[in-house]
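*Asks:* Let me give you the structure first, and then I'll get to my questions.
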Amino acid sequence: MKGITKQFPGVLALDNVDLELRHGEVLAVIGENGAGKSTMMKLLSGAVRTEAGEIYLDGELIDPEKTPRERMDMGISIIYQELTNLDEMTVAENLFMGDIPQKGKLVKTVDYKALWSKSKELLTRFNLPYDPFSLMKTLTVAEKQMVEILRSVRKNVRVLIMDEPTSSLSETEVESLYGLIRELKAREVSILYISHKLDEIFAIADRVQVMRDGKRVALHDMKDVTTGQLVELMVGREVENMYPKEETEIGEVVFQAEHVACEIAKDVSFNVRKGEILGLFGLLGSGRTEAIEAIIGKREIEAGTVRLEGAEIKFKSPIKAKENGIAYVSSDRKKEGLVLIQTVAANITATHIDELCKGPLMDFKEEKNVADEWIGNLNIKTPSPYTVTESLSGGNQQKIVIAKWLLTNPKVLILNEPTRGIDVGAKVEIYKIMEDLCKRGIAVIMISSELPESIGICDRIVVFKDGYVKGEFLRKDFTQKELLHTAVGAN
């Protein structure tokens with residue numbers, strides 16, 4: 001890719017950027033949200049039109065008018081962070097989506113025998129033991145991701161773009177993905193790997209290209225660079241204190257769960273105090289998220305007691321939890337946290353609409369005033385409060401979700417994977433927001449799959465396994481080895 005430039009309304013997303021990818025290598029592309037890396041990948045895949053610059057594949061100039069389908073036929077394929085599988089269809093139908101074998105001359109019907117045979121051959125080639133005719137919804141997130149990769153491989157992929165491929169995977173599933181990537185490298189497939197997780201990049205990449213403010217600022221072999229150097233290149237400054245943890249006065253218990261049970265969680269008890277950050281750690285399927293969802297009324301609670309400021313309470317819905325001072329930020333901001341086609345102002349004030357209405361009419365002036373206040377409070381980078389939320393970076397979208405819930409003046413703020421899919425600089429800003437909330441006496445509960453993050457920012461960590469609380473650790477006792485052993489150890 002040579003001299004690539006792309007302008008969006010009010011934003012120069014890419015400014016004369018080059019990118020070179022070698023046969024059979026993994027090139028990591030990193031940078032803060034808004035650095036231009038995702039735009040670069042969309043231009044390569046044909047999802048977005050290039051305004052200036054040229055793209056070559058094996059020395060041949062690619063016509064900028066070629067569609068994503070035509071580029072896929074050329075061997076350029078992209079796997080987005082949000083998977084595109086169809087859950088109600090089979091593995092085989094997903095593998096051959098858009099190209100399902102057919103039979104018959106006058107009346108075309110699906111050739112299920114050929115579909116099964118071709119799918120089985122493809123799955124066997126990559127040592128994946130899936131039944132071709134099982135429904136996609138029966139697979140794990142990692143297995144669905146493997147199917148999506150194989151769909152690209154089936155079409156003789158030459159360049160595979162992977163956007164945050166491990167954002168929803170467990171450590172074991174990540175290792176399986178690495179194995180598949182190594183297999184693809186051995187087959188001379190070239191991979192562009194976008195990730196915010198620097199440990200992954202050192203584990204799997206051959207070279208790394210750093211983007212900042214729409215420009216390429218560095219290109220290095222992995223052996224020639226350190227984590228600290230990459231962070232400094234990404235943010236344009238040293239991030240001296242990744243986890244800005246300060247000593248905060250912790251008050252009395254404000255919220256507690258006693259022997260809570262639901263479909264996944266079997267027996268969960270914990271409490272959180274004013275001014276405290278409580279971490280809930282566990283592997284996927286450990287019951288940590290399900291227990292919280294039962295507590296706030298998002299799923300049915302089968303047993304147990306919940307107390308808020310000492311009084312027993314049962315929330316029939318998340319709305320009731322909100323009305324009582326419990327705010328919940330979902331792990332999926334795009335599906336459950338935001339209305340992406342709405343403005344920044346509309347999203348920030350979504351929990352505050354009743355207060356902004358004068359009779360049946362919305363007070364749009366006051367909506368703007370409220371939005372401007374929170375844009376300033378949380379340093380949300382947006383051209384205006386009327387910018388469409390979808391156009392902002394992941395870190396700024398996450399701040400909008402947090403602003404929306406802080407507007408409810410919560411007593412307890414529950415954050416589920418608050419830094420998933422956002423860059424290093426934005427992560428530090430989120431941590432600082434959490435620290436500031438604690439100073440105001442708000443109790444914060446953080447669910448996180450990133451153990452270094454939990455160790456760095458939490459005052460106390462409760463560890464989940466198989467639907468049970470298996471351990472509780474004070475900050476002075478945090479060790480990665482002990483926490484992980486508790487999360488995976490025997491009952």
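Every chain in the structure tokens takes a letter, A first, then B, and so on in the order presented; its residues are numbered from 1, and the ligands are numbered from 1 following the presented order.
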Which residues come within 8 Å of range 151-154 of chain A, counting only C-alpha atoms, excluding same-chain residues fewer than 5 positions away, as an MDAnalysis selection string?
*Replies:* chainID A and resid 77 94:97 122 160
*Asks:* At a cut-off of 9 Å, using only C-alpha atoms, what residues contact Pro132 in chain A? Leave out same-chain residues fewer than 6 positions from it and give the result as a PDB file with C-alpha atoms, in the first residue's frame.
*Replies:*
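Okay, part21.pdb is ready:
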ATOM      1  CA  THR A  90     -24.688 -25.227  10.074  1.00  0.00           C
ATOM      2  CA  VAL A  91     -20.902 -25.146  10.192  1.00  0.00           C
ATOM      3  CA  ALA A  92     -20.826 -26.359   6.578  1.00  0.00           C
ATOM      4  CA  GLU A  93     -23.243 -23.652   5.402  1.00  0.00           C
ATOM      5  CA  LEU A  95     -17.930 -22.382   5.603  1.00  0.00           C
ATOM      6  CA  LEU A 115     -21.343 -29.821   1.068  1.00  0.00           C
ATOM      7  CA  TRP A 116     -20.638 -32.363   3.817  1.00  0.00           C
ATOM      8  CA  SER A 117     -17.703 -33.892   1.930  1.00  0.00           C
ATOM      9  CA  SER A 119     -16.554 -29.277   4.691  1.00  0.00           C
ATOM     10  CA  LYS A 120     -15.206 -32.452   6.275  1.00  0.00           C
ATOM     11  CA  LEU A 123     -11.965 -29.287   8.773  1.00  0.00           C
TER      12      LEU A 123
END
*Asks:* Output as a ChimeraX atom specification all residues of range 138-343 of chain A that backbone DSSP marks as strand (DSSP E).
*Replies:* /A:159-163,190-194,207-212,215-221,253-261,268-273,277-281,303-308,311-312,326-329
*Asks:* Measuring atom to atom with only C-alpha atoms, identify which of A:Lys465, A:Lys481, A:Arg288, A:Arg22 is nearest to Arg158 in chain A.
*Replies:* A:Arg22
*Asks:* Provide the CA of Lys365 in chain A to CA of Thr387 in chain A distance in Å, to one decimal place.
*Replies:*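 We find that CA of Lys365 in chain A and CA of Thr387 in chain A lie 15.7 Å from each other.
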*Asks:* What lies within 12 Å of Thr84 in chain A using only C-alpha atoms, ignoring chain neighbours under 2 positions off, as a count of residues only?
*Replies:* 20
*Asks:* Find the spatial neighbours of Trp405 in chain A, counting only C-alpha atoms, within a cut-off of 9 Å - ignore same-chain residues fewer than 4 positions away - and output them as an MDAnalysis selection string.
*Replies:* chainID A and resid 322 327:329 348:351 400:401 409:410 413
*Asks:* Take the residues from that selection and write them out as a PDB file, in the first residue's frame, keeping C-alpha atoms.
*Replies:*
ATOM      1  CA  LYS A 322     -30.676   1.730  37.846  1.00  0.00           C
ATOM      2  CA  ALA A 327     -25.284   1.057  37.079  1.00  0.00           C
ATOM      3  CA  TYR A 328     -24.093  -1.745  34.778  1.00  0.00           C
ATOM      4  CA  VAL A 329     -21.750  -1.196  31.805  1.00  0.00           C
ATOM      5  CA  ILE A 348     -24.826  10.277  26.864  1.00  0.00           C
ATOM      6  CA  THR A 349     -28.306  11.427  27.917  1.00  0.00           C
ATOM      7  CA  ALA A 350     -30.095   8.124  27.163  1.00  0.00           C
ATOM      8  CA  THR A 351     -30.527   7.360  30.886  1.00  0.00           C
ATOM      9  CA  ILE A 400     -19.677   7.676  26.341  1.00  0.00           C
ATOM     10  CA  VAL A 401     -21.182   4.510  27.870  1.00  0.00           C
ATOM     11  CA  ASN A 409     -25.504   9.229  40.090  1.00  0.00           C
ATOM     12  CA  PRO A 410     -24.914   5.564  40.958  1.00  0.00           C
ATOM     13  CA  LEU A 413     -20.864   1.119  39.159  1.00  0.00           C
TER      14      LEU A 413
END
*Asks:* Just want the 12 Å neighbourhood of range 301-318 of chain A, counted on only C-alpha atoms, with same-chain residues fewer than 4 positions away dropped. Output as a ChimeraX atom specification.
*Replies:* /A:251-274,290-297,322-330,351,410-412,414,443
*Asks:* With C-alpha atoms retained, write the just-selected residues as an mmCIF file, in the first residue's frame.
*Replies:*
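Dumped everything to part.cif:
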data_model
loop_
_atom_site.group_PDB
_atom_site.id
_atom_site.type_symbol
_atom_site.label_atom_id
_atom_site.label_comp_id
_atom_site.auth_asym_id
_atom_site.auth_seq_id
_atom_site.Cartn_x
_atom_site.Cartn_y
_atom_site.Cartn_z
ATOM 1 C CA GLY A 251 -15.801 3.047 53.675
ATOM 2 C CA GLU A 252 -18.525 0.685 54.837
ATOM 3 C CA VAL A 253 -20.113 -2.107 52.794
ATOM 4 C CA VAL A 254 -22.613 -0.611 50.358
ATOM 5 C CA PHE A 255 -23.591 -3.679 48.335
ATOM 6 C CA GLN A 256 -23.446 -7.405 48.955
ATOM 7 C CA ALA A 257 -24.581 -10.680 47.455
ATOM 8 C CA GLU A 258 -25.169 -13.755 49.613
ATOM 9 C CA HIS A 259 -25.336 -17.268 48.106
ATOM 10 C CA VAL A 260 -26.678 -16.029 44.770
ATOM 11 C CA ALA A 261 -27.494 -18.741 42.213
ATOM 12 C CA CYS A 262 -28.734 -18.725 38.628
ATOM 13 C CA GLU A 263 -28.391 -20.942 35.580
ATOM 14 C CA ILE A 264 -24.565 -20.753 35.530
ATOM 15 C CA ALA A 265 -23.622 -19.340 38.939
ATOM 16 C CA LYS A 266 -24.148 -21.912 41.703
ATOM 17 C CA ASP A 267 -23.207 -20.191 44.965
ATOM 18 C CA VAL A 268 -21.826 -16.653 44.824
ATOM 19 C CA SER A 269 -21.165 -14.371 47.783
ATOM 20 C CA PHE A 270 -19.187 -11.107 47.827
ATOM 21 C CA ASN A 271 -19.447 -7.489 48.961
ATOM 22 C CA VAL A 272 -18.065 -4.130 47.888
ATOM 23 C CA ARG A 273 -17.391 -1.020 49.962
ATOM 24 C CA LYS A 274 -17.641 2.692 49.253
ATOM 25 C CA GLU A 290 -23.925 -14.475 34.924
ATOM 26 C CA ALA A 291 -23.965 -13.820 38.683
ATOM 27 C CA ILE A 292 -23.923 -10.056 38.108
ATOM 28 C CA GLU A 293 -26.658 -10.313 35.462
ATOM 29 C CA ALA A 294 -28.833 -12.257 37.913
ATOM 30 C CA ILE A 295 -28.181 -9.691 40.661
ATOM 31 C CA ILE A 296 -29.224 -6.719 38.485
ATOM 32 C CA GLY A 297 -32.314 -8.466 37.070
ATOM 33 C CA LYS A 322 -30.676 1.730 37.846
ATOM 34 C CA GLU A 323 -33.465 3.417 39.799
ATOM 35 C CA ASN A 324 -31.888 2.115 43.023
ATOM 36 C CA GLY A 325 -28.390 3.323 42.211
ATOM 37 C CA ILE A 326 -26.807 0.287 40.495
ATOM 38 C CA ALA A 327 -25.284 1.057 37.079
ATOM 39 C CA TYR A 328 -24.093 -1.745 34.778
ATOM 40 C CA VAL A 329 -21.750 -1.196 31.805
ATOM 41 C CA SER A 330 -22.001 -4.246 29.543
ATOM 42 C CA THR A 351 -30.527 7.360 30.886
ATOM 43 C CA PRO A 410 -24.914 5.564 40.958
ATOM 44 C CA LYS A 411 -23.932 4.207 44.343
ATOM 45 C CA VAL A 412 -22.377 1.158 42.657
ATOM 46 C CA ILE A 414 -20.337 -2.331 37.612
ATOM 47 C CA ALA A 443 -18.185 1.558 44.853
#
*Asks:* Which residue, A:Ser331, A:Thr50, A:Thr389, A:Thr382, has the smallest gap to Thr343 in chain A when you use only C-alpha atoms?
*Replies:*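 Of A:Ser331, A:Thr50, A:Thr389, A:Thr382, the one nearest Thr343 in chain A is A:Thr389, counting only C-alpha atoms.
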*Asks:* From a DSSP calculation on the backbone, collect every residue of range 195-435 of chain A in alpha helix (DSSP H) and output the set as an NGL selection string.
*Replies:* :A and (198-204 or 227-235 or 288-295 or 318-323 or 344-348 or 353-356 or 364-377 or 394-406 or 424-435)
*Asks:* How far is it from CA of Ile250 in chain A to CA of Gly282 in chain A, in Å with one decimal?
*Replies:*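 Straight-line distance from CA of Ile250 in chain A to CA of Gly282 in chain A works out to 24.3 Å.
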*Asks:* Can you work out the spacing between CA of Ala47 in chain A and CA of Phe202 in chain A in Å, to one decimal?
*Replies:*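 Value for the CA of Ala47 in chain A-CA of Phe202 in chain A distance: 28.9 Å.
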*Asks:* Identify which of the residues A:Val225, A:Ala114, A:Leu192, A:Ile30 lies closest to Leu44 in chain A, counting only C-alpha atoms when measuring atom-to-atom distances.
*Replies:*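 Nearest to Leu44 in chain A: A:Leu192.
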